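Everything below concerns the one structure shown next.
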Amino acid sequence: GATEKMARKIAEGVIDSGVIVKLFDITSSDRTEVIKEMLDSKGYIIGSSTHNNDMLTTIAGFLEFLKGLRPQNRIAAVFGSYGWAGGAVKSIEDILKETGIELAQTGLGVKYAPDENEVKRCYEFGKDFAQKIKG
């Protein structure tokens with residue numbers, strides 16, 4: 001639940017900055033609906049926990065699908081939680097770069113569950129991204 005906790009706090013920061021947010025869990029969301037929303041959006045914040053030094057397979061599969069669509073003029077940011085070693089944030093960033101999506105800010109990684117200070121960092125991460133969306 002660490003990555004979900006991060007996602008909710010990041011979304012709160014974006015919303016508090018006046019930008020509309022749609023939050024999806026790719027494991028239980030309809031991919032068609034997610035893609036439709038993404039194609040209507042100016043930016044994406046994508047997160048995954050790290051397993052075996054990489055992103056979750058559900059995120060990897062979804063990003064391969066997104067890569068084929070090659071959305072233009074979008075920005076993105078990446079976040080994730082990890083245990084022993086990270087890896088998911090960098091892997092996602094690499095795929096987004098291949099897709100041609102500009103990374104708006106440095107990815108955010110949190111070891112284990114976010115503590116009070118890291119929760120604040122997540123909120124600020126969302127606020128920073130919102131400012132970039134607003135231009």
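So you can find residues: chains in the structure tokens are A, B, ... in the order shown, residues in each start at 1, and ligands are numbered from 1 in order.
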
If you run DSSP over the backbone, which residues in range 33-130 of chain A end up strand (DSSP E or B)? Put them as a PyMOL selection string.
chain A and resi 43-47+51+54+75-82+102-103+108-111

Near-Gly87 in chain A list (12 Å; only C-alpha atoms; drop same-chain fewer than 3 positions) as an mmCIF file with N, CA, C and O atoms, in the first residue's frame:
data_model
loop_
_atom_site.group_PDB
_atom_site.id
_atom_site.type_symbol
_atom_site.label_atom_id
_atom_site.label_comp_id
_atom_site.auth_asym_id
_atom_site.auth_seq_id
_atom_site.Cartn_x
_atom_site.Cartn_y
_atom_site.Cartn_z
ATOM 1 N N GLY A 47 3.266 5.644 -11.331
ATOM 2 C CA GLY A 47 3.969 5.056 -10.204
ATOM 3 C C GLY A 47 3.928 3.545 -10.198
ATOM 4 O O GLY A 47 3.027 2.934 -10.769
ATOM 5 N N SER A 48 4.924 2.977 -9.549
ATOM 6 C CA SER A 48 4.985 1.527 -9.373
ATOM 7 C C SER A 48 5.906 1.217 -8.205
ATOM 8 O O SER A 48 6.911 1.889 -8.001
ATOM 9 N N SER A 49 5.561 0.188 -7.490
ATOM 10 C CA SER A 49 6.513 -0.331 -6.514
ATOM 11 C C SER A 49 7.560 -1.126 -7.284
ATOM 12 O O SER A 49 7.362 -1.476 -8.447
ATOM 13 N N THR A 50 8.685 -1.364 -6.638
ATOM 14 C CA THR A 50 9.765 -2.128 -7.261
ATOM 15 C C THR A 50 9.690 -3.574 -6.796
ATOM 16 O O THR A 50 9.589 -3.841 -5.600
ATOM 17 N N HIS A 51 9.722 -4.482 -7.760
ATOM 18 C CA HIS A 51 9.798 -5.918 -7.482
ATOM 19 C C HIS A 51 10.872 -6.493 -8.380
ATOM 20 O O HIS A 51 10.879 -6.236 -9.585
ATOM 21 N N ASN A 52 11.796 -7.214 -7.796
ATOM 22 C CA ASN A 52 12.918 -7.785 -8.546
ATOM 23 C C ASN A 52 13.668 -6.701 -9.318
ATOM 24 O O ASN A 52 13.994 -6.868 -10.492
ATOM 25 N N ASN A 53 13.894 -5.562 -8.661
ATOM 26 C CA ASN A 53 14.644 -4.429 -9.223
ATOM 27 C C ASN A 53 13.995 -3.799 -10.449
ATOM 28 O O ASN A 53 14.676 -3.148 -11.250
ATOM 29 N N ASP A 54 12.700 -3.968 -10.612
ATOM 30 C CA ASP A 54 12.018 -3.393 -11.769
ATOM 31 C C ASP A 54 10.575 -3.058 -11.399
ATOM 32 O O ASP A 54 10.111 -3.359 -10.301
ATOM 33 N N MET A 55 9.869 -2.457 -12.352
ATOM 34 C CA MET A 55 8.464 -2.098 -12.137
ATOM 35 C C MET A 55 7.586 -3.346 -12.150
ATOM 36 O O MET A 55 8.016 -4.418 -12.596
ATOM 37 N N LEU A 56 6.364 -3.178 -11.674
ATOM 38 C CA LEU A 56 5.398 -4.277 -11.729
ATOM 39 C C LEU A 56 5.114 -4.656 -13.176
ATOM 40 O O LEU A 56 5.103 -3.794 -14.067
ATOM 41 N N VAL A 78 7.430 10.450 -12.479
ATOM 42 C CA VAL A 78 7.386 9.054 -12.041
ATOM 43 C C VAL A 78 7.692 8.975 -10.552
ATOM 44 O O VAL A 78 8.520 9.724 -10.035
ATOM 45 N N PHE A 79 7.022 8.044 -9.882
ATOM 46 C CA PHE A 79 7.254 7.825 -8.455
ATOM 47 C C PHE A 79 7.134 6.344 -8.147
ATOM 48 O O PHE A 79 6.599 5.576 -8.944
ATOM 49 N N GLY A 80 7.612 5.965 -6.977
ATOM 50 C CA GLY A 80 7.450 4.583 -6.569
ATOM 51 C C GLY A 80 8.096 4.299 -5.228
ATOM 52 O O GLY A 80 8.895 5.075 -4.716
ATOM 53 N N SER A 81 7.699 3.178 -4.680
ATOM 54 C CA SER A 81 8.258 2.711 -3.415
ATOM 55 C C SER A 81 9.096 1.465 -3.698
ATOM 56 O O SER A 81 8.942 0.824 -4.726
ATOM 57 N N TYR A 82 9.987 1.173 -2.766
ATOM 58 C CA TYR A 82 10.860 0.016 -2.935
ATOM 59 C C TYR A 82 11.291 -0.509 -1.573
ATOM 60 O O TYR A 82 11.151 0.168 -0.561
ATOM 61 N N GLY A 83 11.813 -1.728 -1.571
ATOM 62 C CA GLY A 83 12.299 -2.337 -0.337
ATOM 63 C C GLY A 83 13.808 -2.247 -0.254
ATOM 64 O O GLY A 83 14.362 -1.275 0.206
ATOM 65 N N TRP A 84 14.478 -3.245 -0.787
ATOM 66 C CA TRP A 84 15.942 -3.283 -0.684
ATOM 67 C C TRP A 84 16.605 -2.338 -1.666
ATOM 68 O O TRP A 84 17.555 -1.648 -1.344
ATOM 69 N N LYS A 90 13.364 4.379 -12.419
ATOM 70 C CA LYS A 90 14.258 4.535 -13.565
ATOM 71 C C LYS A 90 13.737 3.772 -14.786
ATOM 72 O O LYS A 90 13.779 4.282 -15.910
ATOM 73 N N SER A 91 13.225 2.586 -14.588
ATOM 74 C CA SER A 91 12.704 1.791 -15.712
ATOM 75 C C SER A 91 11.537 2.506 -16.392
ATOM 76 O O SER A 91 11.456 2.549 -17.621
ATOM 77 N N ILE A 92 10.632 3.052 -15.585
ATOM 78 C CA ILE A 92 9.491 3.772 -16.152
ATOM 79 C C ILE A 92 9.969 5.016 -16.886
ATOM 80 O O ILE A 92 9.513 5.320 -17.998
ATOM 81 N N GLU A 93 10.889 5.743 -16.280
ATOM 82 C CA GLU A 93 11.422 6.950 -16.934
ATOM 83 C C GLU A 93 12.051 6.602 -18.282
ATOM 84 O O GLU A 93 11.850 7.316 -19.269
ATOM 85 N N ASP A 94 12.782 5.511 -18.345
ATOM 86 C CA ASP A 94 13.420 5.098 -19.600
ATOM 87 C C ASP A 94 12.386 4.822 -20.684
ATOM 88 O O ASP A 94 12.558 5.239 -21.838
ATOM 89 N N GLY A 107 12.293 11.872 -10.771
ATOM 90 C CA GLY A 107 11.418 10.882 -10.148
ATOM 91 C C GLY A 107 11.560 10.861 -8.636
ATOM 92 O O GLY A 107 12.584 11.264 -8.079
ATOM 93 N N LEU A 108 10.518 10.389 -7.986
ATOM 94 C CA LEU A 108 10.467 10.330 -6.522
ATOM 95 C C LEU A 108 10.394 8.878 -6.071
ATOM 96 O O LEU A 108 9.450 8.164 -6.415
ATOM 97 N N GLY A 109 11.385 8.447 -5.321
ATOM 98 C CA GLY A 109 11.401 7.096 -4.765
ATOM 99 C C GLY A 109 11.392 7.147 -3.249
ATOM 100 O O GLY A 109 12.045 7.997 -2.650
ATOM 101 N N VAL A 110 10.639 6.237 -2.656
ATOM 102 C CA VAL A 110 10.537 6.163 -1.202
ATOM 103 C C VAL A 110 10.820 4.727 -0.774
ATOM 104 O O VAL A 110 10.230 3.786 -1.308
ATOM 105 N N LYS A 111 11.717 4.585 0.198
ATOM 106 C CA LYS A 111 12.028 3.260 0.717
ATOM 107 C C LYS A 111 10.965 2.848 1.724
ATOM 108 O O LYS A 111 10.673 3.595 2.660
#

Near-range 69-74 of chain A list (8 Å; only C-alpha atoms; drop same-chain fewer than 4 positions) as a compact mmCIF listing (two decimals) with N, CA, C and O atoms, in the first residue's frame:
# COMPACT_ATOMS: atom_id res chain seq x y z
N LEU A 39 -5.01 10.29 -23.35
CA LEU A 39 -4.93 11.02 -24.62
C LEU A 39 -5.61 12.39 -24.51
O LEU A 39 -5.31 13.29 -25.30
N SER A 41 -5.29 14.21 -21.76
CA SER A 41 -4.55 14.88 -20.69
C SER A 41 -3.28 15.54 -21.20
O SER A 41 -2.72 15.12 -22.20
N LYS A 42 -2.82 16.53 -20.45
CA LYS A 42 -1.56 17.20 -20.77
C LYS A 42 -0.36 16.49 -20.16
O LYS A 42 0.76 16.67 -20.60
N GLY A 43 -0.61 15.73 -19.09
CA GLY A 43 0.50 15.09 -18.42
C GLY A 43 0.10 13.87 -17.63
O GLY A 43 -1.08 13.66 -17.36
N TYR A 44 1.11 13.08 -17.28
CA TYR A 44 0.90 11.84 -16.56
C TYR A 44 1.87 11.76 -15.39
O TYR A 44 3.03 12.13 -15.51
N PHE A 65 2.00 -0.75 -24.26
CA PHE A 65 0.80 -0.38 -25.01
C PHE A 65 0.81 1.12 -25.30
O PHE A 65 0.59 1.56 -26.42
N THR A 99 9.30 6.73 -25.54
CA THR A 99 7.99 7.04 -26.11
C THR A 99 7.93 8.48 -26.61
O THR A 99 7.04 8.84 -27.36
N GLY A 100 8.89 9.30 -26.17
CA GLY A 100 8.91 10.70 -26.58
C GLY A 100 8.19 11.63 -25.62
O GLY A 100 7.93 12.78 -25.95
N ILE A 101 7.89 11.13 -24.45
CA ILE A 101 7.22 11.94 -23.43
C ILE A 101 8.30 12.60 -22.57
O ILE A 101 9.18 11.93 -22.05
N GLU A 102 8.20 13.91 -22.44
CA GLU A 102 9.19 14.67 -21.68
C GLU A 102 9.02 14.45 -20.18
O GLU A 102 7.89 14.53 -19.66

Distance criterion (only C-alpha atoms): nearest to Ala77 in chain A out of A:Lys36, A:Lys132, A:Arg31, A:Lys120:
A:Lys132

Against range 18-22 of chain A, which residues of range 53-128 of chain A fall within 12 Å? For each one I want the closest pair of atoms and the distance in Å (one decimal), counting only C-alpha atoms, rows by chain and increasing residue number, as a tab-separated table.
residue	atom	partner	partner_atom	distance
A:Gly126	CA	A:Val19	CA	9.9
A:Lys127	CA	A:Val19	CA	9.3
A:Asp128	CA	A:Val19	CA	11.3

Of the candidates A:Glu12, A:Glu4, A:Phe24, A:Glu98, which shows the shortest atom-to-atom distance to Glu64 in chain A, using only C-alpha atoms?
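Closest to Glu64 in chain A of all the choices is A:Glu98.
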
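Taking CA of Thr3 in chain A and CA of Asp16 in chain A as the two end points, the separation is 19.9 Å.
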
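In this structure, CA of Thr27 in chain A sits 27.1 Å away from CA of Glu116 in chain A.
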
What does the structure give for the distance between CA of Gly13 in chain A and CA of Gln105 in chain A, in Å to one decimal?
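So the answer is 14.8 Å.
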
Give me, as an NGL selection string, the residues of range 89-134 of chain A that a backbone DSSP run labels helix (DSSP H, G or I).
:A and (89-99 or 116-134)
